[in-house]
Structure formats: structure tokens, C-alpha cells
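Raw contents of coords_20.csv, CSV, C-alpha atoms:
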```csv
chain,number,residue,atom,x,y,z
A,1099,ASP,CA,-6.9,3.6,-13.3
A,1100,SER,CA,-4.1,5.0,-11.1
A,1101,GLY,CA,-1.8,6.0,-14.0
A,1102,VAL,CA,0.9,3.6,-12.7
A,1103,THR,CA,1.7,0.7,-15.0
A,1104,GLN,CA,3.4,-2.5,-14.2
A,1105,THR,CA,4.6,-5.3,-16.5
A,1106,PRO,CA,4.2,-8.2,-16.7
A,1107,LYS,CA,0.9,-8.9,-15.1
A,1108,HIS,CA,1.8,-12.5,-14.3
A,1109,LEU,CA,5.1,-14.3,-14.2
A,1110,ILE,CA,5.7,-18.0,-13.6
A,1111,THR,CA,9.2,-19.2,-13.2
A,1112,ALA,CA,11.3,-21.9,-11.5
A,1113,THR,CA,13.4,-21.8,-8.4
A,1114,GLY,CA,16.9,-20.4,-8.9
A,1115,GLN,CA,15.9,-18.2,-11.8
A,1116,ARG,CA,16.1,-14.4,-12.1
A,1117,VAL,CA,13.2,-12.1,-13.2
A,1118,THR,CA,12.8,-8.4,-13.8
A,1119,LEU,CA,9.6,-6.5,-12.9
A,1120,ARG,CA,9.0,-3.1,-14.5
A,1121,CYS,CA,7.1,-0.1,-13.3
A,1122,SER,CA,6.2,3.2,-14.9
A,1123,PRO,CA,5.1,5.9,-12.5
A,1124,ARG,CA,2.3,8.5,-13.0
A,1125,SER,CA,3.4,11.3,-15.2
A,1126,GLY,CA,5.4,13.8,-13.1
A,1127,ASP,CA,5.8,11.6,-10.1
A,1128,LEU,CA,9.4,11.4,-8.9
A,1129,SER,CA,9.1,8.8,-6.2
A,1130,VAL,CA,8.7,5.1,-6.9
A,1131,TYR,CA,8.1,2.5,-4.2
A,1132,TRP,CA,8.1,-1.3,-4.3
A,1133,TYR,CA,5.9,-3.4,-2.0
A,1134,GLN,CA,5.5,-7.2,-1.7
A,1135,GLN,CA,2.1,-8.6,-0.7
A,1136,SER,CA,1.9,-12.2,0.5
A,1137,LEU,CA,-0.6,-14.1,2.7
A,1138,ASP,CA,1.8,-14.7,5.6
A,1139,GLN,CA,3.7,-11.3,5.5
A,1140,GLY,CA,0.9,-9.0,4.4
A,1141,LEU,CA,2.0,-5.8,2.6
A,1142,GLN,CA,5.7,-5.1,3.1
A,1143,PHE,CA,7.7,-2.1,1.9
A,1144,LEU,CA,10.8,-3.1,0.0
A,1145,ILE,CA,12.5,0.0,-1.4
A,1146,GLN,CA,11.9,3.6,-2.5
A,1147,TYR,CA,13.6,5.6,-5.2
A,1148,TYR,CA,13.3,9.4,-5.6
A,1149,ASN,CA,14.5,11.0,-8.8
A,1150,GLY,CA,16.9,8.2,-9.5
A,1151,GLU,CA,18.4,7.9,-6.1
A,1152,GLU,CA,17.6,5.3,-3.4
A,1153,ARG,CA,15.7,7.0,-0.7
A,1154,ALA,CA,14.6,4.3,1.8
A,1155,LYS,CA,15.0,0.6,2.2
A,1156,GLY,CA,12.8,-1.9,3.9
A,1157,ASN,CA,13.0,-5.6,4.4
A,1158,ILE,CA,14.4,-6.2,1.0
A,1159,LEU,CA,16.4,-9.4,0.6
A,1160,GLU,CA,20.0,-9.2,-0.7
A,1161,ARG,CA,18.9,-11.3,-3.7
A,1162,PHE,CA,16.6,-8.4,-4.7
A,1163,SER,CA,17.7,-5.2,-6.2
A,1164,ALA,CA,16.1,-2.2,-7.9
A,1165,GLN,CA,16.9,0.9,-9.8
A,1166,GLN,CA,15.2,4.0,-11.2
A,1167,PHE,CA,16.2,5.2,-14.6
A,1168,PRO,CA,16.5,8.8,-15.9
A,1169,ASP,CA,13.0,8.5,-17.5
A,1170,LEU,CA,11.8,7.7,-13.9
A,1171,HIS,CA,10.7,4.1,-14.7
A,1172,SER,CA,11.9,1.5,-12.2
A,1173,GLU,CA,12.8,-2.1,-12.3
A,1174,LEU,CA,12.9,-4.6,-9.5
A,1175,ASN,CA,15.2,-7.5,-10.0
A,1176,LEU,CA,14.7,-10.8,-8.2
A,1177,SER,CA,17.4,-13.4,-8.4
A,1178,SER,CA,18.0,-16.9,-7.1
A,1179,LEU,CA,14.3,-17.2,-6.7
A,1180,GLU,CA,12.8,-19.4,-3.9
A,1181,LEU,CA,9.3,-20.8,-3.5
A,1182,GLY,CA,8.7,-18.2,-0.7
A,1183,ASP,CA,9.3,-15.4,-3.2
A,1184,SER,CA,5.9,-16.1,-4.7
A,1185,ALA,CA,3.8,-13.0,-4.1
A,1186,LEU,CA,2.1,-10.0,-5.6
A,1187,TYR,CA,4.6,-7.2,-6.2
A,1188,PHE,CA,3.2,-3.7,-6.3
A,1189,CYS,CA,4.8,-0.5,-7.5
A,1190,ALA,CA,3.5,2.8,-6.3
A,1191,SER,CA,4.4,6.4,-7.1
A,1192,SER,CA,4.0,9.8,-5.5
A,1193,GLY,CA,4.8,13.4,-6.4
A,1194,GLY,CA,7.2,14.0,-3.5
A,1195,ALA,CA,9.5,12.0,-1.3
A,1196,GLY,CA,7.4,12.0,1.9
A,1197,ALA,CA,3.9,12.5,3.0
A,1198,ASN,CA,2.0,12.5,-0.2
A,1199,GLU,CA,-0.4,9.7,-0.9
A,1200,GLN,CA,0.9,6.9,-3.1
A,1201,PHE,CA,-0.8,5.6,-6.2
A,1202,PHE,CA,-0.5,1.9,-6.8
A,1203,GLY,CA,-0.1,-0.1,-10.0
A,1204,PRO,CA,-2.1,-3.3,-10.7
A,1205,GLY,CA,0.8,-5.5,-9.5
A,1206,THR,CA,2.8,-8.3,-10.9
A,1207,ARG,CA,1.9,-11.8,-9.6
A,1208,LEU,CA,5.0,-13.9,-9.3
A,1209,THR,CA,4.7,-17.6,-9.0
A,1210,VAL,CA,7.9,-19.6,-8.3
A,1211,LEU,CA,7.6,-23.3,-9.0
B,1111,ALA,CA,8.9,2.0,15.7
B,1112,GLN,CA,5.8,2.9,13.6
B,1113,SER,CA,3.1,0.3,13.5
B,1114,VAL,CA,-0.6,-0.1,12.6
B,1115,ALA,CA,-3.1,-2.5,13.9
B,1116,GLN,CA,-6.5,-3.5,12.4
B,1117,PRO,CA,-8.1,-5.5,15.1
B,1118,GLU,CA,-10.8,-7.1,12.9
B,1119,ASP,CA,-10.0,-9.5,10.2
B,1120,GLN,CA,-13.5,-9.3,8.9
B,1121,VAL,CA,-16.5,-6.9,9.2
B,1122,ASN,CA,-20.0,-7.8,8.1
B,1123,VAL,CA,-22.7,-5.2,7.6
B,1124,ALA,CA,-26.0,-5.1,5.9
B,1125,GLU,CA,-26.5,-2.8,2.9
B,1126,GLY,CA,-27.8,0.6,4.0
B,1127,ASN,CA,-26.3,0.3,7.5
B,1128,PRO,CA,-23.4,2.4,8.7
B,1129,LEU,CA,-20.0,0.8,8.6
B,1130,THR,CA,-16.8,1.2,10.7
B,1131,VAL,CA,-13.4,-0.4,10.0
B,1132,LYS,CA,-11.1,0.1,12.9
B,1133,CYS,CA,-7.4,1.1,12.9
B,1134,THR,CA,-5.0,2.0,15.7
B,1135,TYR,CA,-1.5,3.3,15.3
B,1136,SER,CA,1.7,3.8,17.1
B,1137,VAL,CA,4.1,6.5,15.9
B,1138,SER,CA,6.9,8.7,17.2
B,1139,GLY,CA,6.1,12.2,16.2
B,1140,ASN,CA,3.1,13.4,14.2
B,1141,PRO,CA,1.1,10.7,12.4
B,1142,TYR,CA,0.5,10.7,8.7
B,1143,LEU,CA,-2.3,8.2,8.2
B,1144,PHE,CA,-3.9,6.7,5.1
B,1145,TRP,CA,-6.7,4.3,4.1
B,1146,TYR,CA,-6.6,2.2,1.0
B,1147,VAL,CA,-9.0,-0.3,-0.5
B,1148,GLN,CA,-8.1,-3.3,-2.6
B,1149,TYR,CA,-10.7,-5.1,-4.8
B,1150,PRO,CA,-10.0,-8.7,-5.9
B,1151,ASN,CA,-7.1,-9.0,-8.4
B,1152,ARG,CA,-6.6,-5.2,-8.3
B,1153,GLY,CA,-4.0,-2.8,-6.9
B,1154,LEU,CA,-4.7,-0.6,-3.9
B,1155,GLN,CA,-6.8,2.5,-4.4
B,1156,PHE,CA,-6.2,5.6,-2.2
B,1157,LEU,CA,-9.3,6.6,-0.2
B,1158,LEU,CA,-8.2,9.3,2.2
B,1159,LYS,CA,-5.4,10.7,4.4
B,1160,TYR,CA,-4.9,12.6,7.6
B,1161,ILE,CA,-1.8,14.9,7.8
B,1162,THR,CA,-3.0,17.7,9.9
B,1163,GLY,CA,-6.1,19.8,10.5
B,1164,ASP,CA,-9.7,18.6,11.1
B,1165,ASN,CA,-10.0,15.3,12.8
B,1166,LEU,CA,-12.8,14.2,10.4
B,1167,VAL,CA,-11.4,13.6,7.0
B,1168,LYS,CA,-13.6,13.0,4.0
B,1169,GLY,CA,-12.5,10.8,1.1
B,1170,SER,CA,-13.5,9.0,-2.0
B,1171,TYR,CA,-16.8,7.1,-2.5
B,1172,GLY,CA,-18.5,8.6,0.5
B,1173,PHE,CA,-15.9,7.3,3.0
B,1174,GLU,CA,-14.6,9.4,5.9
B,1175,ALA,CA,-12.2,8.7,8.8
B,1176,GLU,CA,-12.0,10.1,12.3
B,1177,PHE,CA,-8.6,10.9,13.7
B,1178,ASN,CA,-8.5,10.5,17.5
B,1179,LYS,CA,-5.1,11.4,19.0
B,1180,SER,CA,-5.9,10.4,22.6
B,1181,GLN,CA,-7.0,7.0,21.5
B,1182,THR,CA,-4.4,6.7,18.7
B,1183,SER,CA,-7.1,5.6,16.3
B,1184,PHE,CA,-8.1,6.4,12.8
B,1185,HIS,CA,-11.3,4.5,12.1
B,1186,LEU,CA,-12.8,4.4,8.6
B,1187,LYS,CA,-16.6,5.1,8.4
B,1188,LYS,CA,-19.4,5.3,5.9
B,1189,PRO,CA,-23.0,6.3,6.8
B,1190,SER,CA,-24.7,3.9,4.5
B,1191,ALA,CA,-22.9,0.8,3.1
B,1192,LEU,CA,-23.2,-0.5,-0.4
B,1193,VAL,CA,-22.7,-4.0,-1.7
B,1194,SER,CA,-20.0,-2.6,-4.0
B,1195,ASP,CA,-18.0,-1.5,-0.9
B,1196,SER,CA,-17.2,-5.2,-0.2
B,1197,ALA,CA,-13.4,-5.3,-0.5
B,1198,LEU,CA,-10.2,-5.5,1.6
B,1199,TYR,CA,-9.3,-2.3,3.5
B,1200,PHE,CA,-5.9,-1.3,4.6
B,1201,CYS,CA,-4.9,1.4,7.1
B,1202,ALA,CA,-1.4,2.7,6.8
B,1203,VAL,CA,1.0,5.0,8.6
B,1204,ARG,CA,4.0,6.8,7.1
B,1205,GLY,CA,7.3,5.6,8.3
B,1206,ALA,CA,9.5,7.7,10.5
B,1207,TYR,CA,10.7,11.0,9.2
B,1208,ASN,CA,14.1,9.6,8.2
B,1209,GLN,CA,12.6,6.7,6.3
B,1210,GLY,CA,11.4,8.4,3.2
B,1211,GLY,CA,7.8,8.0,2.3
B,1212,LYS,CA,7.4,4.3,3.0
B,1213,LEU,CA,4.0,3.2,4.2
B,1214,ILE,CA,3.6,0.7,7.0
B,1215,PHE,CA,0.3,-1.2,6.5
B,1216,GLY,CA,-2.0,-3.0,8.8
B,1217,GLN,CA,-3.0,-6.6,8.1
B,1218,GLY,CA,-6.2,-5.6,6.4
B,1219,THR,CA,-9.9,-5.9,7.1
B,1220,GLU,CA,-12.2,-7.8,4.8
B,1221,LEU,CA,-15.5,-5.9,4.5
B,1222,SER,CA,-18.5,-7.8,3.4
B,1223,VAL,CA,-21.7,-5.9,2.7
B,1224,LYS,CA,-24.8,-8.1,2.2
B,1225,PRO,CA,-28.0,-7.1,0.4
```

Please express the file's structure as C-alpha cells.
Amino acid sequence: DSGVTQTPKHLITATGQRVTLRCSPRSGDLSVYWYQQSLDQGLQFLIQYYNGEERAKGNILERFSAQQFPDLHSELNLSSLELGDSALYFCASSGGAGANEQFFGPGTRLTVL
Amino acid sequence: AQSVAQPEDQVNVAEGNPLTVKCTYSVSGNPYLFWYVQYPNRGLQFLLKYITGDNLVKGSYGFEAEFNKSQTSFHLKKPSALVSDSALYFCAVRGAYNQGGKLIFGQGTELSVKP
């Protein structure tokens, strides 16, 4: 158990809908990262927050947004969902903003029908 | 741009034999390198990292990795494979210094250890 929690574990929704994925980092970790894992794209970095502020951005679609709250939990919002958004979404956390290893949550499997 | 390559989609070894999972990287500046393992329907588990220092890095579950700067490689090794080591292995490099702590992952290598 990495200490990173993600809810829900599974999410099934329809095209055009909006969903919110939630992540709680390990106790004391200030950085939260979001990754998308799909068969065709592999593991792709989406976005990083450090102590409430956006720190780095990857190939995140404009339809996707995230935030980190004062209690350090984070939410990833996915809107106007398309079939191609079906993937495993991981949250990870680390103690610093840079070179520390990241600890991954169990993931949320999103299925868009 | 930072990148990672895992040239083998699958590695098959017999239990008790040594295993190697290959990784090469391309970075600007000093490389920060990581290995993760993913078991079916699970998140990624951290195995080991190279930041600086000794070229041979020891990690969890008996795994180690050898950093080779001249060959830009960071191969994962284990002297004696176990059936329970069967999983998907990812090599990763940290993004450029101005990209926070994002990790850039290779495509993964499926390790299969047979009894």
C-alpha cells in the first residue's frame, strides 16, 4: 500500500458527460501528479500540483482540469468525455517538487461508452 | 527533449535464472532515472532510482540497476528470478529541470518468469 488513495476505483459513463476523480496524497507529501495510462499512448503525464499551485503541465487536454485543495487532496475533472478518454488514471505524490520518487495510487479506471 | 526507450516488449526467463530488463535514455543535463513495477490491476510500485553516486543502485525485492553514462543505459537486473516477479516494468526519467517533477515513462516491458 503506497499510502495514496484514489476514488472511485471504477467509473463508467457516457460520451459528453463530466466526471471528477479524487486523490489523497501520502501524509506530508506536497506534490500531486496525474497520469493517464492507455494501450495506445502508454503512461502519459498530465499535470502536477505543488502545495496548491500548478507546477508543471503535460499533454493535458483543454477539456481536462485539475486542482489541489488546502488539505492537499487533488481532483481531476474530465468534461465532454469522448470514447478515447477511456483509460486508467493514476495519481501519484511525492515529498518535494522535483527529483524524489513518486508513489502511485491504485488508479481509477474510466470507461466511456 | 527527455525520452526513455525500452527495446523489449517482453522478456522471458526461467525461475532461478538472472534477468535483465533494458532501458536507454536521452536527457539534457544530469539524468534522474527510476524503475517501477506494475502488477495486474494495480498501481505502479517504486523499485529504485539513480540520482547520483554509485553506478550500481540497489532497490526493493532484490532488484538492482546499473547506470552507464557512456551507453546512456539504466538496465534493471536481478540475480535469480522468481515466478512472482512476473509483471510489467517501466523505466522512467525525470523531465527537464524546468518541468517540475514529471516522469517520462518508457513503453514498458512485460517480464514473464516460468517455473

Report the distance between CA of Leu1211 (chain A) and CA of Ser1136 (chain A) in Å, rounded to one decimal place.
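Taking CA of Leu1211 (chain A) and CA of Ser1136 (chain A), their separation equals 15.7 Å.
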
When you look at Ser1170 (chain B) with a cut-off of 7 Å (counting all atoms listed in the file), what residues show up, excluding the ones that are within fewer than 3 positions of it in the same chain? I need them as a ChimeraX atom specification.
/B:1157-1158,1173

Show me as a PyMOL selection string the residues that reach within 10 Å of (-4.4, 13.0, 6.1), counting only C-alpha atoms and using the file's own coordinates.
(chain A and resi 1197-1199) or (chain B and resi 1141-1145+1158-1169+1175+1177+1203)

Selection to disk with C-alpha atoms, as a CSV table (one decimal), in the coordinates of the input:
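Dumped to again37.csv:
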```csv
chain,number,residue,atom,x,y,z
A,1197,ALA,CA,3.9,12.5,3.0
A,1198,ASN,CA,2.0,12.5,-0.2
A,1199,GLU,CA,-0.4,9.7,-0.9
B,1141,PRO,CA,1.1,10.7,12.4
B,1142,TYR,CA,0.5,10.7,8.7
B,1143,LEU,CA,-2.3,8.2,8.2
B,1144,PHE,CA,-3.9,6.7,5.1
B,1145,TRP,CA,-6.7,4.3,4.1
B,1158,LEU,CA,-8.2,9.3,2.2
B,1159,LYS,CA,-5.4,10.7,4.4
B,1160,TYR,CA,-4.9,12.6,7.6
B,1161,ILE,CA,-1.8,14.9,7.8
B,1162,THR,CA,-3.0,17.7,9.9
B,1163,GLY,CA,-6.1,19.8,10.5
B,1164,ASP,CA,-9.7,18.6,11.1
B,1165,ASN,CA,-10.0,15.3,12.8
B,1166,LEU,CA,-12.8,14.2,10.4
B,1167,VAL,CA,-11.4,13.6,7.0
B,1168,LYS,CA,-13.6,13.0,4.0
B,1169,GLY,CA,-12.5,10.8,1.1
B,1175,ALA,CA,-12.2,8.7,8.8
B,1177,PHE,CA,-8.6,10.9,13.7
B,1203,VAL,CA,1.0,5.0,8.6
```

What separates CA of Ser1191 (chain A) and CA of Ala1154 (chain A) is a distance of 13.7 Å

If we count all atoms listed in the file, which residues of chain B reach to within 8 Å of chain A? Please list them as an NGL selection string.
:B and (1142 or 1144 or 1151-1156 or 1159 or 1161 or 1204 or 1209-1217)

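Our summary of the geometry notes that CA of Tyr1171 (chain B) is positioned 11.1 Å from CA of Lys1187 (chain B).
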
Kindly add N, CA, C and O atoms to the incomplete region 1170-1184 of chain A and provide the output as a CSV table (one decimal), in the frame of the given file.
```
chain,number,residue,atom,x,y,z
A,1170,LEU,N,12.5,7.9,-15.2
A,1170,LEU,CA,11.8,7.7,-13.9
A,1170,LEU,C,11.2,6.3,-13.8
A,1170,LEU,O,10.6,6.0,-12.8
A,1171,HIS,N,11.2,5.5,-14.9
A,1171,HIS,CA,10.7,4.1,-14.7
A,1171,HIS,C,11.6,3.4,-13.8
A,1171,HIS,O,12.8,3.7,-13.6
A,1172,SER,N,11.1,2.3,-13.2
A,1172,SER,CA,11.9,1.5,-12.2
A,1172,SER,C,11.8,0.1,-12.6
A,1172,SER,O,10.8,-0.4,-13.2
A,1173,GLU,N,12.8,-0.7,-12.2
A,1173,GLU,CA,12.8,-2.1,-12.3
A,1173,GLU,C,13.2,-2.7,-11.0
A,1173,GLU,O,14.1,-2.2,-10.3
A,1174,LEU,N,12.5,-3.8,-10.7
A,1174,LEU,CA,12.9,-4.6,-9.5
A,1174,LEU,C,13.4,-6.0,-10.0
A,1174,LEU,O,12.7,-6.7,-10.8
A,1175,ASN,N,14.6,-6.3,-9.6
A,1175,ASN,CA,15.2,-7.5,-10.0
A,1175,ASN,C,15.2,-8.5,-8.9
A,1175,ASN,O,15.7,-8.2,-7.8
A,1176,LEU,N,14.7,-9.7,-9.2
A,1176,LEU,CA,14.7,-10.8,-8.2
A,1176,LEU,C,15.5,-11.9,-8.7
A,1176,LEU,O,15.2,-12.4,-9.8
A,1177,SER,N,16.5,-12.4,-7.9
A,1177,SER,CA,17.4,-13.4,-8.4
A,1177,SER,C,17.4,-14.6,-7.4
A,1177,SER,O,16.9,-14.5,-6.3
A,1178,SER,N,18.0,-15.7,-7.9
A,1178,SER,CA,18.0,-16.9,-7.1
A,1178,SER,C,16.7,-17.2,-6.4
A,1178,SER,O,16.6,-17.4,-5.2
A,1179,LEU,N,15.6,-17.2,-7.2
A,1179,LEU,CA,14.3,-17.2,-6.7
A,1179,LEU,C,14.0,-18.5,-5.9
A,1179,LEU,O,14.5,-19.6,-6.2
A,1180,GLU,N,13.2,-18.3,-4.8
A,1180,GLU,CA,12.8,-19.4,-3.9
A,1180,GLU,C,11.3,-19.5,-4.0
A,1180,GLU,O,10.6,-18.5,-4.3
A,1181,LEU,N,10.8,-20.6,-3.5
A,1181,LEU,CA,9.3,-20.8,-3.5
A,1181,LEU,C,8.7,-19.7,-2.7
A,1181,LEU,O,7.6,-19.2,-3.1
A,1182,GLY,N,9.3,-19.2,-1.6
A,1182,GLY,CA,8.7,-18.2,-0.7
A,1182,GLY,C,8.7,-16.8,-1.3
A,1182,GLY,O,8.1,-15.9,-0.7
A,1183,ASP,N,9.3,-16.7,-2.5
A,1183,ASP,CA,9.3,-15.4,-3.2
A,1183,ASP,C,8.0,-15.2,-3.9
A,1183,ASP,O,7.7,-14.1,-4.4
A,1184,SER,N,7.2,-16.2,-4.1
A,1184,SER,CA,5.9,-16.1,-4.7
A,1184,SER,C,5.0,-15.1,-4.0
A,1184,SER,O,4.8,-15.3,-2.8
```
